[in-house]
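Below: one structure, written as C-alpha cells.
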Amino acid sequence: MKISNKSYIILLIIISIFFHILFGYSMMDVFYKFPLNYGMPSHSANLPKEEILSNRVVLISFDGFRADTFYETINMGKNPFLENIIKNRGVYGVSHLKVPTESKPCFTAMSTGHFQDGSLALKHIFGKYVNSDSIYKQSNYAWGVGFIIDIFTKDTKNMYNVPLVSHPYNEEYYILYNYNIFHTIIDLLNNAKNNPNSTTYERLHLNKITFLMHVTETDGLGHTYGPKSDILKNHLTNLDQNFSSLENAFYDFYHDNKTTFILTSDHGMNMKKYHGDDDEGCKRVPFLAWGAGIRKSIHRDQKPEGEDTPDDWGLNNYVRRDIEEIDIASLAAGLIDINIPINNYGSIPVDILDASDKIKSQLLFANFEEIFEIYKMKNQTQSKSTFFMPYKPMADSQSQINAIIRDMNDYKYIEALDKTKILIKKTLDGIDYLLKYDRLFLKIVVVSGYILWMIYLLIFIEMKNTDNLNKFFLFNYEDKTTNSIFGRITLIICMYLYLRNSPFIYYLYCLFPCYFGWRIFSNINCLKAFFTLENKLKSIQKNLLMYLTSIILFFSLVSIII
C-alpha cells in the first residue's frame with residue numbers, strides 16, 4: 001500500500017521537532033555547562049578563636065541598584081553615614097555580575113560563591129528548588145528579612161525568615177517596606193536584649209552567625225521611574241539614617257566591635273528600566289564593606305591611569321577595590337572562619353582585610369582548597385575517558401601545594417599569598433578547561449547536524465516534487481555500499497563516545513547527523529536533480545523560498561532566545 005505524501009510530511013515534521021528540541025538543548029551542553037558537584041569535603045582556615053576576624057556578618061543587598069547611581073547619590077552630600085564609610089571607615093568598589101541579572105540567581109551567586117548556567121538560573125527564576133551550599137548553611141545560625149529569603153530557608157535548617165514588623169510610615173508604601181527591613185532586625189536585637197533567657201538571645205550571642213537583608217523597593221522605583229531617577233536617589237538618602245541606626249543597634253547589643261557589614265545590590269538595571277541581560281548597568285553594582293576585619297579607607301593623590309571611576313562619583317582620591325559577585329561568599333566565610341561553601345568559585349579579596357599576613361595566607365589557602373576540590377572532582381570525571389588530555393599547568397599541582405605549605409611553615413606568608421593567588425588562577429582555568437573539554441567536539445556535531453539537516457530538506461523537497469518519497473525515509477536494500485559505510489561510521493562514533501565515557505545525550509546528538517548523512521548519500525542523485533531546472537523552475541523556486549524562509553525564521557527565533 002502506497003503511503004500518501006501528507007503522511008510523509010507529518011513524519012518529517014515529527015523528526016524536525018525532535019531534532020530542533022534536542023539540538024536547541026545542546027546549547028546548554030556547549031555553552032552553559034555548569035553541573036553542581038556534591039559529596040566534596042568543606043574547608044576552612046580553622047583559626048584560633050582569638051584570631052578570627054569577625055563574629056558575625058550582616059549582608060545588606062539592595063534590589064536593582066546600579067553602581068553609578070549609588071556613588072553619584074553619595075557624592076551629592078546628603079548621605080553622611082555612607083559617605084563617611086566610603087571615605088574613612090571602609091572599602092568601596094564595584095561588584096561585577098554575570099547574566100542572568102535576576103534576583104534569585106544573583107542572590108545565589110553572592111551567597112554560594114558560584115554563578116549559574118542557563119538551566120539552573122531558569123529553575124531559580126521559576127521558583128524551582130536547586131540544592132546549593134551557602135554561607136547560611138555553614139553558619140551556626142542565620143537570620144534573614146525580605147522577599148528573597150525563602151530560597152535559602154527551604155533547605156537551611158539554621159536560617160530564620162524574620163517576619164516584617166509594623167512601624168509608623170510615610171504615605172509611600174515603598175518607604176514603609178524598606179524602613180521595616182531595618183526596623184525588623186533592630187527589633188529582633190532589642191527583643192532579645194529584653195529577654196536574656198530566651199533561645200533567640202542565646203543563639204544571637206554565638207559566633208559565626210550571618211544576617212541577610214533584602215532591601216527590595218529600590219527595584220520597583222527603578223522599574224517605575226528609571227534607574228537614575230531623582231526619586232530613587234532621594235530614596236537612598238532617606239535610607240541613610242537607617243544604616244546608622246542598624247549599626248548602632250548591633251554595637252549596643254554586642255558591645256564587642258566584632259560585626260562586619262557588607263552592602264551591595266543583587267543586580268543593576270539598564271536605562272530601559274529592565275534587567276536580566278548583560279547591559280553594563282545591570283552587571284555593575286555597588287560594593288561597600290566596613291566593620292570587623294575590614295581595613296580602613298586608603299587615600300591617594302589621584303586615580304591610576306585606566307581606572308574607570310567617573311569624576312561625578314567624587315572618589316578619585318580614594319582607593320577602589322572591585323570584586324566579582326561570587327567573591328562575597330568567600331569574603332563572608334573567611335571573616336567569620338566558617339567552611340567555604342562547596343562549589344564556590346570566588347576568591348577572598350585578602351587585600352581589604354585588616355589582618356596579619358599569616359591570617360590572610362591561611363584564609364586564602366583554605367579558599368584554594370575548596371576550589372581545588374571542584375577541580376579534582378571534575379578532573380576525576382573527565383579522566384575516565386580513554387583519550388583524556390589533562391590540563392598541563394595543574395600536572396604538578398601537589399608540588400605547588402607543598403611549596404605553599406612550606407612557605408607558611410617558614411613564616412614566608414607574603415610568598416605563600418602570592419603563590420596561592422597564582423594557584424587559584426591556575427585551578428579556575430583548569431576547571432574552565434574541563435568544563436569546555438567537550439565543547440569543540442559538540443560544536444562539530446551540532447554544526448554538522450544543522451548543515452546536514454538543510455541538505456536533508458532539499459532532498460525531501462525534490463523527492464516530494466517527483467512523488468518519490470517512499471524511498472526517502474525507508475531502508476534501501478539495493479544501496480548496500482552506503483548502508484555499510486554509514487553503519488560502520490555510526491558504530492565507530494558510538495565506540496568513540498563509549499571510550500570517552502560520554503553521557504547518553506551525546507549519543508543522541510550524534511545520531512541525527514549520522515541519520516541525515518545516511519539518507520542524503522542514499523538519495524544523492526535527487527540532490528543533483530534539485531538544481532536541474534528543466535520544466536519545474538517555478539516549483540523549485542517556490543519550495544526553495546519556503547525552505548529558506550523557514551531557516552531564517554528558525555535562526556531568528558534562536559538568536560532572540562539566546
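In the C-alpha cells, chains take the letters A, B, ... in the order shown, each chain's residues start at 1, and ligands count up from 1 in the order shown.
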Residues at most 7 Å from Ser522 of chain A, counting only C-alpha atoms, excluding those fewer than 4 positions away in the same chain, as a VMD selection string?
chain A and resid 479 482 518
Mind the document's chain letters and residue numbers, and return as an mmCIF file with C-alpha atoms, in the first residue's frame the residues of segment 57-227 of chain A that DSSP labels strand (DSSP E or B).
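The result, stored in states-v7.cif:
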```cif
data_model
loop_
_atom_site.group_PDB
_atom_site.id
_atom_site.type_symbol
_atom_site.label_atom_id
_atom_site.label_comp_id
_atom_site.auth_asym_id
_atom_site.auth_seq_id
_atom_site.Cartn_x
_atom_site.Cartn_y
_atom_site.Cartn_z
ATOM 1 C CA VAL A 57 28.452 39.245 59.074
ATOM 2 C CA VAL A 58 25.491 41.417 58.074
ATOM 3 C CA LEU A 59 24.914 41.245 54.311
ATOM 4 C CA ILE A 60 22.631 44.052 53.111
ATOM 5 C CA SER A 61 21.561 43.924 49.485
ATOM 6 C CA PHE A 62 19.586 46.494 47.548
ATOM 7 C CA GLY A 90 35.652 51.016 54.939
ATOM 8 C CA VAL A 91 36.289 49.716 51.434
ATOM 9 C CA TYR A 92 34.309 50.724 48.365
ATOM 10 C CA GLY A 93 34.218 49.376 44.822
ATOM 11 C CA VAL A 94 32.086 47.732 42.167
ATOM 12 C CA SER A 95 30.751 44.193 42.287
ATOM 13 C CA HIS A 96 30.733 42.618 38.823
ATOM 14 C CA TYR A 141 22.692 30.396 62.784
ATOM 15 C CA ALA A 142 21.391 32.866 60.220
ATOM 16 C CA TRP A 143 18.567 35.397 60.100
ATOM 17 C CA GLY A 144 17.053 36.925 57.002
ATOM 18 C CA VAL A 145 14.421 39.518 56.180
ATOM 19 C CA MET A 159 18.248 30.066 58.956
ATOM 20 C CA TYR A 160 15.212 32.013 60.126
ATOM 21 C CA ASN A 161 12.969 34.179 57.964
ATOM 22 C CA ILE A 209 26.412 33.806 62.517
ATOM 23 C CA THR A 210 25.087 35.684 59.485
ATOM 24 C CA PHE A 211 22.291 38.113 58.624
ATOM 25 C CA LEU A 212 20.784 38.764 55.194
ATOM 26 C CA MET A 213 18.710 41.874 54.499
ATOM 27 C CA HIS A 214 16.958 42.308 51.147
ATOM 28 C CA VAL A 215 16.052 45.969 50.519
#
```
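Going from atom CA of Lys480 of chain A to atom CA of Leu458 of chain A covers 23.1 Å.
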All alpha helix (DSSP H) residues (DSSP, backbone) inside segment 294-484 of chain A, as number ranges by chain:
A: 327-336, 357-382, 397-409, 413-435, 439-465, 480-484
Residues at most 12 Å from Gly334 of chain A, counting only C-alpha atoms, excluding those fewer than 3 positions away in the same chain, as number ranges by chain?
A: 43-47, 51-57, 135, 138-139, 208, 260, 292-294, 327-331, 337-341, 346-350, 352-353, 355, 359-368
If you count only C-alpha atoms, which residues fall within 9 Å of Pro390 of chain A, apart from same-chain ones fewer than 6 positions away, as a PDB file with N, CA, C and O atoms, in the first residue's frame?
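Result file is part.pdb:
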```
ATOM      1  N   ASN A 379      38.059  16.723  37.234  1.00  0.00           N
ATOM      2  CA  ASN A 379      39.176  16.051  36.582  1.00  0.00           C
ATOM      3  C   ASN A 379      39.020  14.537  36.673  1.00  0.00           C
ATOM      4  O   ASN A 379      39.306  13.809  35.718  1.00  0.00           O
ATOM      5  N   GLN A 382      36.359  13.500  34.051  1.00  0.00           N
ATOM      6  CA  GLN A 382      36.840  13.549  32.671  1.00  0.00           C
ATOM      7  C   GLN A 382      37.953  12.527  32.416  1.00  0.00           C
ATOM      8  O   GLN A 382      38.083  12.004  31.311  1.00  0.00           O
ATOM      9  N   SER A 383      38.759  12.235  33.437  1.00  0.00           N
ATOM     10  CA  SER A 383      39.908  11.344  33.244  1.00  0.00           C
ATOM     11  C   SER A 383      39.501   9.903  32.988  1.00  0.00           C
ATOM     12  O   SER A 383      40.337   9.078  32.618  1.00  0.00           O
ATOM     13  N   GLY A 430      41.872  25.628  35.033  1.00  0.00           N
ATOM     14  CA  GLY A 430      41.762  24.181  34.838  1.00  0.00           C
ATOM     15  C   GLY A 430      40.325  23.712  34.865  1.00  0.00           C
ATOM     16  O   GLY A 430      39.913  22.854  34.066  1.00  0.00           O
ATOM     17  N   LEU A 434      38.193  21.943  31.847  1.00  0.00           N
ATOM     18  CA  LEU A 434      37.443  20.693  31.974  1.00  0.00           C
ATOM     19  C   LEU A 434      35.979  20.879  31.591  1.00  0.00           C
ATOM     20  O   LEU A 434      35.378  20.002  30.965  1.00  0.00           O
TER      21      LEU A 434
END
```
